[in-house]
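The next block is data.txt, given as compact mmCIF, C-alpha atoms.
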```
# COMPACT_ATOMS: atom_id res chain seq x y z
CA MET A 246 -101.59 137.21 6.10
CA MET A 247 -100.80 134.54 8.62
CA SER A 248 -100.38 135.11 12.29
CA PHE A 249 -97.77 133.83 14.69
CA ALA A 250 -99.54 130.87 15.78
CA ALA A 251 -100.22 127.44 19.54
CA LEU A 252 -97.85 130.20 21.45
CA SER A 253 -99.64 126.52 19.98
CA PHE A 254 -97.08 130.57 18.09
CA ALA A 255 -98.51 128.36 16.45
CA ALA A 256 -99.16 129.19 17.64
CA ARG A 257 -99.05 129.63 15.32
CA TRP A 258 -95.83 132.11 13.72
CA LEU A 259 -94.23 132.18 16.96
CA LEU A 260 -95.06 129.89 19.59
CA ARG A 261 -96.62 127.70 17.17
CA SER A 262 -97.22 125.30 19.76
CA VAL A 263 -96.74 126.49 23.14
CA VAL A 264 -97.20 123.22 24.86
CA VAL A 265 -98.36 123.46 28.41
CA SER A 266 -98.44 120.33 30.45
CA SER A 267 -101.16 119.99 32.99
CA ILE A 268 -101.67 116.77 34.81
CA GLY A 269 -99.49 115.15 32.29
CA LEU A 270 -101.53 116.46 29.40
CA SER A 271 -100.12 117.59 26.15
CA SER A 272 -100.20 120.52 23.92
CA ILE A 273 -102.15 123.23 25.61
CA GLY A 274 -102.52 126.14 23.37
CA ALA A 275 -100.42 127.97 20.94
CA VAL A 276 -99.43 131.51 21.18
CA ALA A 277 -100.13 133.35 18.01
CA CYS A 278 -97.94 136.09 16.78
CA ALA A 279 -97.93 136.67 13.11
CA VAL A 280 -96.57 136.97 9.80
CA ALA A 281 -96.81 140.47 9.42
CA CYS A 282 -97.88 139.17 12.64
CA ALA A 283 -101.55 138.70 12.07
CA ALA A 284 -104.09 136.33 11.15
CA ALA A 285 -103.59 132.80 11.99
CA PRO A 286 -104.48 129.98 13.98
CA PRO A 287 -103.47 128.22 16.81
CA GLY A 288 -102.94 124.75 15.66
CA PRO A 289 -99.78 123.96 17.34
CA ARG A 290 -98.21 120.61 17.27
CA SER A 291 -96.68 119.24 20.36
CA VAL A 292 -92.96 118.81 20.77
CA GLU A 293 -93.55 115.12 21.06
CA GLU A 294 -95.07 115.07 17.60
CA GLY A 295 -91.72 116.02 16.19
CA GLY A 296 -92.32 119.70 15.64
CA GLY A 297 -89.58 120.70 18.02
CA GLU A 298 -91.51 123.70 19.12
CA PRO A 299 -90.72 125.31 22.43
CA SER A 300 -92.80 124.34 25.40
CA VAL A 301 -93.62 125.32 28.90
CA THR A 302 -94.91 123.26 31.76
CA ALA A 303 -97.70 124.07 34.17
CA GLN A 304 -97.84 122.01 37.33
CA GLY A 305 -101.05 120.05 37.63
CA PRO A 306 -102.65 118.07 40.41
CA ASN A 307 -101.38 114.64 41.34
CA ALA A 308 -98.02 115.54 39.91
CA SER A 309 -96.35 112.81 41.89
CA ALA A 310 -98.22 110.02 40.14
CA PRO A 311 -97.10 108.59 36.82
CA LEU A 312 -99.07 110.82 34.54
CA PRO A 313 -99.82 110.71 30.91
CA GLY A 314 -97.78 112.66 28.55
CA ASP A 315 -97.49 116.31 28.50
CA GLY A 316 -95.64 117.26 25.41
CA SER A 317 -93.56 119.46 27.60
CA ALA A 318 -89.99 120.34 26.95
CA ALA A 319 -88.92 118.80 30.19
CA SER A 320 -90.38 115.43 29.43
CA ASP A 321 -90.00 115.07 25.72
CA GLY A 322 -86.98 116.92 24.55
CA GLY A 323 -88.23 120.39 23.79
CA THR A 324 -86.59 123.56 25.00
CA ALA A 325 -87.83 125.40 28.05
CA VAL A 326 -89.36 128.12 25.96
CA PRO A 327 -92.82 128.37 24.56
CA ARG A 328 -94.90 127.07 20.70
CA PRO A 329 -97.20 128.55 18.65
CA ALA A 330 -95.90 124.94 17.34
CA PRO A 331 -93.94 124.89 14.70
CA GLN A 332 -97.31 123.80 13.77
CA ASP A 333 -99.41 123.88 10.77
CA MET A 334 -101.07 127.22 10.40
CA THR A 335 -104.65 127.62 9.30
CA SER A 336 -106.34 130.68 8.01
CA ALA A 337 -107.71 133.21 10.39
CA PRO A 338 -110.12 136.05 9.95
CA ALA A 339 -108.94 138.76 7.63
CA ALA A 340 -106.65 141.23 9.32
CA ARG A 341 -108.06 144.62 10.14
CA GLN A 342 -107.48 147.28 7.55
CA GLY A 343 -104.76 149.58 8.75
CA SER A 344 -103.23 146.97 11.03
CA LEU A 345 -99.48 146.61 10.74
CA VAL A 346 -99.79 143.11 9.41
CA GLU A 347 -101.84 144.30 6.45
CA ARG A 348 -100.50 147.80 6.00
CA GLY A 349 -99.29 148.47 2.50
CA LEU A 350 -96.10 150.29 1.58
CA ALA A 351 -97.37 152.58 -1.18
CA ARG A 352 -97.97 156.19 -0.16
CA GLY A 353 -100.16 157.25 -3.07
CA ASP A 354 -97.89 159.98 -4.41
CA GLY A 355 -98.23 158.79 -8.01
CA SER A 356 -94.51 158.37 -8.65
CA PRO A 357 -93.23 155.40 -10.68
CA ALA A 358 -91.63 153.94 -7.55
CA ASP A 359 -94.86 154.31 -5.61
CA GLU A 360 -96.81 152.62 -8.40
CA ALA A 361 -94.40 149.69 -8.19
CA LEU A 362 -94.97 149.59 -4.43
CA ARG A 363 -98.75 149.65 -4.91
CA ARG A 364 -98.63 146.75 -7.33
CA GLY A 365 -96.16 144.93 -5.10
CA ASP A 366 -98.53 145.33 -2.15
CA ALA A 367 -101.34 143.80 -4.21
CA ALA A 368 -99.18 140.85 -5.28
CA TRP A 369 -98.01 140.31 -1.69
CA ARG A 370 -101.58 140.27 -0.38
CA GLY A 371 -102.46 137.81 -3.13
CA GLU A 372 -99.50 135.60 -2.13
CA ARG A 373 -97.91 135.98 -5.56
CA TRP A 374 -94.48 136.05 -4.02
CA GLU A 375 -92.22 136.13 -7.09
CA GLU A 376 -94.28 138.89 -8.69
CA ALA A 377 -94.22 140.86 -5.44
CA LEU A 378 -90.45 140.47 -5.12
CA GLU A 379 -89.90 141.67 -8.68
CA LEU A 380 -92.10 144.74 -8.13
CA PHE A 381 -90.47 145.68 -4.83
CA GLU A 382 -87.02 145.28 -6.42
CA ARG A 383 -88.18 147.64 -9.18
CA ALA A 384 -89.34 150.16 -6.59
CA ARG A 385 -85.95 149.91 -4.89
CA SER A 386 -84.11 150.65 -8.12
CA LEU A 387 -86.39 153.63 -8.80
CA ALA A 388 -86.10 155.04 -5.25
CA PRO A 389 -82.84 153.80 -3.69
CA GLN A 390 -83.17 156.09 -0.64
CA ASP A 391 -86.68 154.91 0.23
CA PRO A 392 -86.79 152.26 3.01
CA ALA A 393 -90.23 150.94 1.99
CA PRO A 394 -89.05 148.75 -0.92
CA TRP A 395 -86.66 146.92 1.40
CA VAL A 396 -89.57 146.07 3.71
CA GLY A 397 -91.49 144.79 0.69
CA ILE A 398 -88.52 142.67 -0.37
CA ALA A 399 -88.37 141.19 3.14
CA ARG A 400 -92.09 140.43 3.10
CA ALA A 401 -91.91 138.75 -0.28
CA ARG A 402 -88.91 136.66 0.74
CA SER A 403 -90.43 135.48 4.00
CA ARG A 404 -93.63 134.47 2.16
CA ASP A 405 -95.61 134.06 5.38
CA ALA A 406 -94.09 130.59 5.52
CA ALA A 407 -92.86 128.70 8.56
CA LEU A 408 -93.37 131.76 10.69
CA VAL A 409 -93.24 129.66 13.77
CA TYR A 410 -91.13 130.43 16.78
CA GLY A 411 -87.62 129.16 16.19
CA ALA A 412 -88.64 127.29 13.03
CA ALA A 413 -86.28 129.32 10.86
CA ALA A 414 -83.23 129.02 13.13
CA GLY A 415 -80.19 128.56 10.93
CA ASP A 416 -82.16 129.26 7.75
CA ALA A 417 -79.92 131.41 5.55
CA SER A 418 -82.89 132.74 3.58
CA PHE A 419 -84.37 134.23 6.75
CA GLU A 420 -81.05 135.78 7.63
CA GLU A 421 -81.26 137.50 4.23
CA VAL A 422 -84.67 138.84 5.23
CA VAL A 423 -83.07 140.38 8.33
CA VAL A 424 -80.43 142.00 6.12
CA ALA A 425 -83.15 143.57 3.94
CA LEU A 426 -84.92 144.95 7.01
CA ASP A 427 -81.63 146.27 8.40
CA ARG A 428 -81.16 148.16 5.15
CA ALA A 429 -84.61 149.69 5.55
CA LEU A 430 -83.80 150.73 9.12
CA ALA A 431 -80.45 152.16 8.04
CA LEU A 432 -82.39 154.49 5.75
CA GLN A 433 -85.04 155.31 8.39
CA SER A 434 -84.41 154.07 11.91
CA ASP A 435 -87.90 154.96 13.18
CA PHE A 436 -89.77 153.12 10.39
CA THR A 437 -92.34 151.27 12.51
CA LEU A 438 -93.27 148.73 9.86
CA ALA A 439 -89.63 147.74 9.36
CA ARG A 440 -89.14 147.26 13.11
CA PHE A 441 -92.36 145.24 13.30
CA GLU A 442 -91.37 142.94 10.45
CA LYS A 443 -87.86 142.50 11.80
CA GLY A 444 -89.23 141.66 15.24
CA ARG A 445 -91.38 138.86 13.93
CA VAL A 446 -88.62 137.48 11.71
CA LEU A 447 -86.33 137.40 14.74
CA LEU A 448 -88.99 135.37 16.52
CA ALA A 449 -88.96 132.87 13.67
CA LEU A 450 -85.19 132.72 14.03
CA GLY A 451 -85.56 131.98 17.75
CA ARG A 452 -84.03 135.26 18.95
CA PRO A 453 -86.66 136.54 21.42
CA LEU A 454 -84.54 139.07 23.30
CA GLU A 455 -83.68 140.98 20.12
CA ALA A 456 -87.27 140.70 18.96
CA LYS A 457 -88.58 141.96 22.30
CA ALA A 458 -86.60 145.20 22.14
CA LEU A 459 -87.92 145.97 18.65
CA LEU A 460 -91.50 144.98 19.39
CA GLU A 461 -91.61 147.07 22.56
CA SER A 462 -90.82 150.12 20.45
CA VAL A 463 -93.47 149.07 17.92
CA VAL A 464 -96.11 148.82 20.65
CA GLU A 465 -95.17 152.30 21.82
CA ASP A 466 -95.80 153.61 18.30
CA ALA A 467 -98.91 151.50 17.66
CA PRO A 468 -100.51 150.67 21.03
CA GLU A 469 -103.87 149.84 19.43
CA ASP A 470 -102.44 147.21 17.10
CA ALA A 471 -103.53 143.82 18.46
CA GLU A 472 -101.02 141.84 16.45
CA ALA A 473 -98.13 143.96 17.67
CA GLN A 474 -99.31 143.41 21.24
CA SER A 475 -99.57 139.67 20.60
CA CYS A 476 -96.15 139.42 18.98
CA LEU A 477 -94.62 141.25 21.93
CA GLY A 478 -96.40 138.79 24.20
CA VAL A 479 -94.80 135.93 22.32
CA ALA A 480 -91.36 137.50 22.64
CA LEU A 481 -91.87 138.05 26.37
CA LEU A 482 -93.13 134.53 26.87
CA ALA A 483 -90.19 133.07 24.97
CA SER A 484 -87.92 135.20 27.16
CA GLY A 485 -89.47 133.77 30.32
CA ASP A 486 -91.47 136.86 31.34
CA VAL A 487 -94.86 135.20 31.73
CA ALA A 488 -96.48 138.01 33.74
CA ARG A 489 -95.77 140.69 31.16
CA ALA A 490 -96.65 138.31 28.33
CA ARG A 491 -100.06 137.82 29.91
CA GLU A 492 -100.58 141.59 30.01
CA ARG A 493 -99.85 141.84 26.28
CA PHE A 494 -102.20 138.97 25.46
CA GLU A 495 -104.92 140.51 27.63
CA ARG A 496 -104.57 143.74 25.70
CA ALA A 497 -104.66 141.93 22.36
CA ALA A 498 -107.88 140.17 23.40
CA GLN A 499 -109.41 143.50 24.41
CA LEU A 500 -108.50 145.02 21.05
CA GLU A 501 -109.78 142.06 19.01
CA PRO A 502 -112.40 140.21 21.05
CA ASP A 503 -113.61 138.35 17.96
CA ARG A 504 -110.30 136.56 17.33
CA ALA A 505 -110.05 133.10 18.84
CA GLU A 506 -106.27 133.04 18.91
CA ARG A 507 -106.18 136.10 21.14
CA PHE A 508 -107.97 134.13 23.84
CA GLY A 509 -105.94 130.99 23.17
CA ASN A 510 -102.71 132.86 23.80
CA LEU A 511 -104.10 134.50 26.91
CA ALA A 512 -105.32 131.19 28.29
CA THR A 513 -101.92 129.62 27.80
CA THR A 514 -100.24 132.18 30.02
CA GLN A 515 -103.06 131.93 32.57
CA MET A 516 -102.48 128.18 32.81
CA MET A 517 -98.77 128.75 33.23
CA VAL A 518 -99.30 130.82 36.36
CA GLY A 519 -101.91 128.49 37.80
CA GLY A 520 -104.97 130.54 36.88
CA VAL A 521 -107.03 127.54 35.84
CA GLU A 522 -110.45 129.19 36.19
CA ASP A 523 -109.32 132.20 34.16
CA ALA A 524 -107.82 129.88 31.56
CA VAL A 525 -111.07 127.93 31.29
CA ARG A 526 -112.98 131.15 30.62
CA SER A 527 -110.49 132.22 27.97
CA TYR A 528 -110.46 128.83 26.28
CA ARG A 529 -114.25 128.82 26.27
CA SER A 530 -114.11 132.11 24.39
CA ALA A 531 -111.67 130.61 21.90
CA VAL A 532 -113.90 127.56 21.39
CA ARG A 533 -116.97 129.76 20.97
CA LEU A 534 -115.21 131.76 18.27
CA ASP A 535 -113.64 128.73 16.56
CA PRO A 536 -115.61 125.60 17.53
CA ASN A 537 -113.97 123.45 14.86
CA SER A 538 -110.46 123.99 16.16
CA ALA A 539 -109.27 120.68 17.54
CA GLN A 540 -106.49 122.50 19.35
CA TYR A 541 -108.85 124.75 21.31
CA GLN A 542 -111.15 121.83 22.10
CA ASN A 543 -108.15 119.92 23.43
CA ASP A 544 -106.82 122.87 25.39
CA LEU A 545 -110.18 123.57 26.99
CA GLY A 546 -110.44 119.90 27.91
CA VAL A 547 -107.01 119.98 29.54
CA ALA A 548 -107.88 123.12 31.49
CA LEU A 549 -111.17 121.61 32.66
CA LEU A 550 -109.36 118.46 33.74
CA ALA A 551 -106.87 120.58 35.68
CA GLY A 552 -109.84 122.24 37.37
CA GLY A 553 -111.48 118.96 38.31
CA ASP A 554 -114.34 119.01 35.79
CA LEU A 555 -113.91 115.50 34.43
CA GLU A 556 -117.23 115.39 32.57
CA GLY A 557 -116.59 118.68 30.78
CA ALA A 558 -113.00 117.68 30.04
CA MET A 559 -114.10 114.40 28.50
CA GLN A 560 -116.56 116.21 26.23
CA HIS A 561 -113.98 118.57 24.79
CA LEU A 562 -111.10 116.08 24.61
CA SER A 563 -113.39 113.69 22.73
CA ARG A 564 -114.37 116.50 20.37
CA ALA A 565 -110.69 117.25 19.70
CA VAL A 566 -110.06 113.62 18.76
CA ALA A 567 -113.15 113.58 16.55
CA LEU A 568 -111.84 116.63 14.70
CA GLU A 569 -108.25 115.34 14.40
CA PRO A 570 -108.29 111.58 14.96
CA ARG A 571 -104.62 111.15 14.03
CA ARG A 572 -103.17 113.62 16.55
CA ALA A 573 -101.39 111.38 19.00
CA THR A 574 -101.19 114.01 21.72
CA PHE A 575 -104.95 114.52 21.66
CA LEU A 576 -105.46 110.77 21.94
CA SER A 577 -103.00 110.61 24.82
CA ASN A 578 -104.87 113.34 26.67
CA LEU A 579 -108.17 111.55 26.14
CA ALA A 580 -106.63 108.30 27.39
CA TYR A 581 -105.59 110.08 30.56
CA ALA A 582 -109.11 111.39 31.06
CA HIS A 583 -110.44 107.84 30.83
CA LEU A 584 -107.88 106.75 33.42
CA ALA A 585 -109.08 109.55 35.69
CA ALA A 586 -112.65 108.36 35.14
CA GLY A 587 -111.77 104.80 36.16
CA ARG A 588 -112.01 103.28 32.67
CA PRO A 589 -108.61 101.62 32.15
CA GLU A 590 -109.81 99.37 29.29
CA GLU A 591 -110.86 102.35 27.19
CA ALA A 592 -107.77 104.27 28.24
CA LEU A 593 -105.58 101.39 27.08
CA ARG A 594 -107.32 101.17 23.71
CA ILE A 595 -106.82 104.88 23.07
CA ALA A 596 -103.26 104.98 24.42
CA ARG A 597 -102.29 102.08 22.16
CA ARG A 598 -103.59 104.02 19.19
CA ALA A 599 -101.55 107.04 20.26
CA THR A 600 -98.34 105.01 20.48
CA GLU A 601 -99.04 103.49 17.07
CA LEU A 602 -99.43 106.95 15.54
CA ASP A 603 -96.39 108.38 17.31
CA PRO A 604 -94.04 105.80 18.84
CA LYS A 605 -91.90 108.64 20.22
CA LEU A 606 -94.68 110.20 22.28
CA GLY A 607 -93.56 109.55 25.83
CA SER A 608 -96.84 110.64 27.39
CA ALA A 609 -98.77 108.00 25.46
CA TRP A 610 -96.44 105.25 26.67
CA ILE A 611 -96.90 106.42 30.26
CA ASN A 612 -100.68 106.39 29.86
CA ARG A 613 -100.47 102.99 28.25
CA GLY A 614 -98.32 101.62 31.06
CA THR A 615 -100.61 103.09 33.71
CA ALA A 616 -103.65 101.48 32.09
CA GLU A 617 -101.89 98.11 31.83
CA ALA A 618 -100.96 98.31 35.51
CA ARG A 619 -104.50 99.10 36.57
CA LEU A 620 -105.68 96.06 34.63
CA GLY A 621 -103.16 93.92 36.49
CA ARG A 622 -100.91 93.37 33.48
CA LEU A 623 -97.68 94.25 35.20
CA PRO A 624 -95.17 92.92 32.63
CA ALA A 625 -96.90 94.89 29.86
CA ALA A 626 -97.01 97.95 32.11
CA ARG A 627 -93.28 97.66 32.74
CA ARG A 628 -92.51 97.42 29.02
CA ALA A 629 -94.53 100.56 28.30
CA LEU A 630 -92.99 102.57 31.13
CA GLU A 631 -89.49 101.42 30.20
CA ARG A 632 -90.17 102.62 26.67
CA ALA A 633 -91.20 106.02 28.04
CA LEU A 634 -88.05 106.20 30.15
CA GLN A 635 -85.95 105.21 27.15
CA LEU A 636 -87.44 108.12 25.22
CA ASP A 637 -86.64 110.53 28.05
CA PRO A 638 -84.41 109.24 30.86
CA THR A 639 -85.12 112.40 32.88
CA ASP A 640 -88.90 111.94 32.99
CA PRO A 641 -89.81 111.47 36.68
CA ARG A 642 -93.24 110.07 35.81
CA ALA A 643 -91.77 107.03 34.10
CA ARG A 644 -89.23 106.50 36.89
CA ASP A 645 -91.91 106.80 39.58
CA GLY A 646 -94.19 104.42 37.71
CA LEU A 647 -91.47 101.81 37.46
CA ALA A 648 -90.67 102.24 41.16
CA GLU A 649 -94.33 101.60 42.00
CA LEU A 650 -94.27 98.47 39.85
CA ASP A 651 -91.20 97.26 41.74
CA GLU A 652 -93.08 97.70 45.01
CA LEU A 653 -96.16 95.91 43.69
CA GLU A 654 -94.12 92.97 42.44
CA ALA A 655 -92.14 92.81 45.68
CA SER A 656 -95.29 92.78 47.80
CA ALA A 657 -96.81 90.05 45.62
CA ALA A 658 -93.73 87.83 45.86
CA PRO A 659 -94.13 84.72 48.09
```

As structure tokens, what does this structure read like?
Amino acid sequence: MMSFAALSFAARWLLRSVVVSSIGLSSIGAVACAVACAAAPPGPRSVEEGGGEPSVTAQGPNASAPLPGDGSAASDGGTAVPRPAPQDMTSAPAARQGSLVERGLARGDGSPADEALRRGDAAWRGERWEEALELFERARSLAPQDPAPWVGIARARSRDAALVYGAAAGDASFEEVVVALDRALALQSDFTLARFEKGRVLLALGRPLEAKALLESVVEDAPEDAEAQSCLGVALLASGDVARARERFERAAQLEPDRAERFGNLATTQMMVGGVEDAVRSYRSAVRLDPNSAQYQNDLGVALLAGGDLEGAMQHLSRAVALEPRRATFLSNLAYAHLAAGRPEEALRIARRATELDPKLGSAWINRGTAEARLGRLPAARRALERALQLDPTDPRARDGLAELDELEASAAP
């Protein structure tokens, strides 16, 4: 099963891509929740990449200077809520047996309805969605007062697809999934699995307050379930309660210390409250567990840069680009690191590539303009910064950069 991935979902079912901006850097971490809320990656995409995932912004040093792009909602059109991104989701370690995300619906009583549930569970785990739906429908017809078949129908219809925070908003098929789960809860209001599944579907629909109420009750019933803790963290984060979200992510990491996304989610909230050193430790854990995740390499690099470790940041940001050379946000972050290191020529080369890959990435245009200015190419710098401002007229970095150019040109005038 997939997990709410970058907040990253991306995070990522839910905050697929929780994008945190630090020193103008993009796409820090995805918060993972899950489809059945469990296994999946953080591979959030930034808002600027067109995913539209929610984002949050963490203040970084030198905030007054024109900084490279952040992928934040404020600067590039996202909402002020966190992303496990809608982002592409990758596979994660197999969910623990007995966890809510993997728990089957059959009870083993040998009845015809239970046999249909057992076979439906097997088809669902094998991602044979149509077969699973047919079997759960059969179980429903055989046992119309049993809530379990309705949960199976909901699982088969959601198909572990697009389980990214807010990605299913307005999707009629997901509203039908909610109806199926409501029918299960009408038959048994305390059915934990039905409340769990409905909570995560509500996250996909972008309804965090409703999801939070359900998931809080699920965590009361299943306090040792890491995915339930993580999904509740996503709901809290999307509702603006960062402190409580961090507590849930801390608990999820304690319960499953071998899951990279647990630490990625935790680090995201730590960055949001200014706990850079804590975030670096958590991102290091995520990278250790999943060294080939470009997202975690990027996020660790951003955190290190926020903490002043330029050499370490460069290493991990470069690794992220090597793993995903066409991710414009990763390139933009690396360009910023080169600017910080006093290498405007290299920064310009990388920022140009980022703007070619994603002409709507405001952060890359700001980095590009900054590099041009440092090389003394003021007209080119102005064009780049004007492009950034055109993409987001509210971005103070672009406005401040243009104001600085005005001063430079005025002082150079005869």

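Minimum distance to Asp554 (chain A) across A:Asp535, A:Asp416, A:Glu522, A:Glu652 (counting all atoms listed in the file) occurs at A:Glu522.
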
Taking 4 positions as the minimum chain separation for residues in the same chain, which residues sit within 8 Å of Leu630 (chain A) when counting all atoms listed in the file? Answer as a list in words. Trp610, Ile611, Gly614, Ala626, Leu634, Ala643, Arg644, Gly646 and Leu647 of chain A

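Across the model, the gap from CA of Phe494 (chain A) to CA of Gly478 (chain A) is 5.9 Å.
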
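Between Val396 (chain A) and the candidates A:Asp544, A:Asp366, A:Asp640, A:Asp651, the tightest atom-to-atom separation, counting only C-alpha atoms, involves A:Asp366.
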
Using only C-alpha atoms, determine which residues lie at most 10 Å from Arg496 (chain A), disregarding the query and same-chain residues fewer than 6 positions distant; provide the list as a PyMOL selection string. chain A and resi 468-471+474-475+478+490+502+507+511

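In this model, the gap between CA of Leu593 (chain A) and CA of Arg572 (chain A) comes to 16.3 Å.
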
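For the pair CA of Ala480 (chain A) and CA of Lys457 (chain A), the interatomic distance is 5.3 Å.
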
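Of the residues under consideration (A:Asp354, A:Glu501, A:Glu375, A:Asp427), A:Glu375 shows the shortest atom-to-atom contact distance to Arg404 (chain A) when counting all atoms listed in the file.
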
Using only C-alpha atoms, find the one residue out of A:Arg642, A:Arg627, A:Arg613, A:Arg373 that sits nearest to Arg597 (chain A). A:Arg613

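Taking only C-alpha atoms, the non-local environment of Leu432 (chain A) within 8 Å (same-chain residues fewer than 3 positions away omitted) comprises A:Gln390, A:Asp391, A:Pro392, A:Arg428, A:Ala429.
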
Would you export the selected residues with C-alpha atoms as an mmCIF file, in the coordinates of the input, please?
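Output file again31.cif follows:
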```cif
data_model
loop_
_atom_site.group_PDB
_atom_site.id
_atom_site.type_symbol
_atom_site.label_atom_id
_atom_site.label_comp_id
_atom_site.auth_asym_id
_atom_site.auth_seq_id
_atom_site.Cartn_x
_atom_site.Cartn_y
_atom_site.Cartn_z
ATOM 1 C CA GLN A 390 -83.170 156.090 -0.640
ATOM 2 C CA ASP A 391 -86.680 154.910 0.230
ATOM 3 C CA PRO A 392 -86.790 152.260 3.010
ATOM 4 C CA ARG A 428 -81.160 148.160 5.150
ATOM 5 C CA ALA A 429 -84.610 149.690 5.550
#
```

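With only C-alpha atoms as the atoms that count, the minimum distance from Glu442 (chain A) to the choices A:Glu372, A:Glu631, A:Glu360, A:Glu347 is reached by A:Glu347.
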
Can you tell me which residues surround Ala565 (chain A) at a distance of at most 6 Å, considering only C-alpha atoms, apart from same-chain residues fewer than 6 positions away, and format the answer as a PyMOL selection string? chain A and resi 539+542-543

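Shortest separation to Tyr410 (chain A) among A:Arg493, A:Arg452, A:Arg383, A:Lys443 occurs at residue A:Arg452, atoms counted being all atoms listed in the file.
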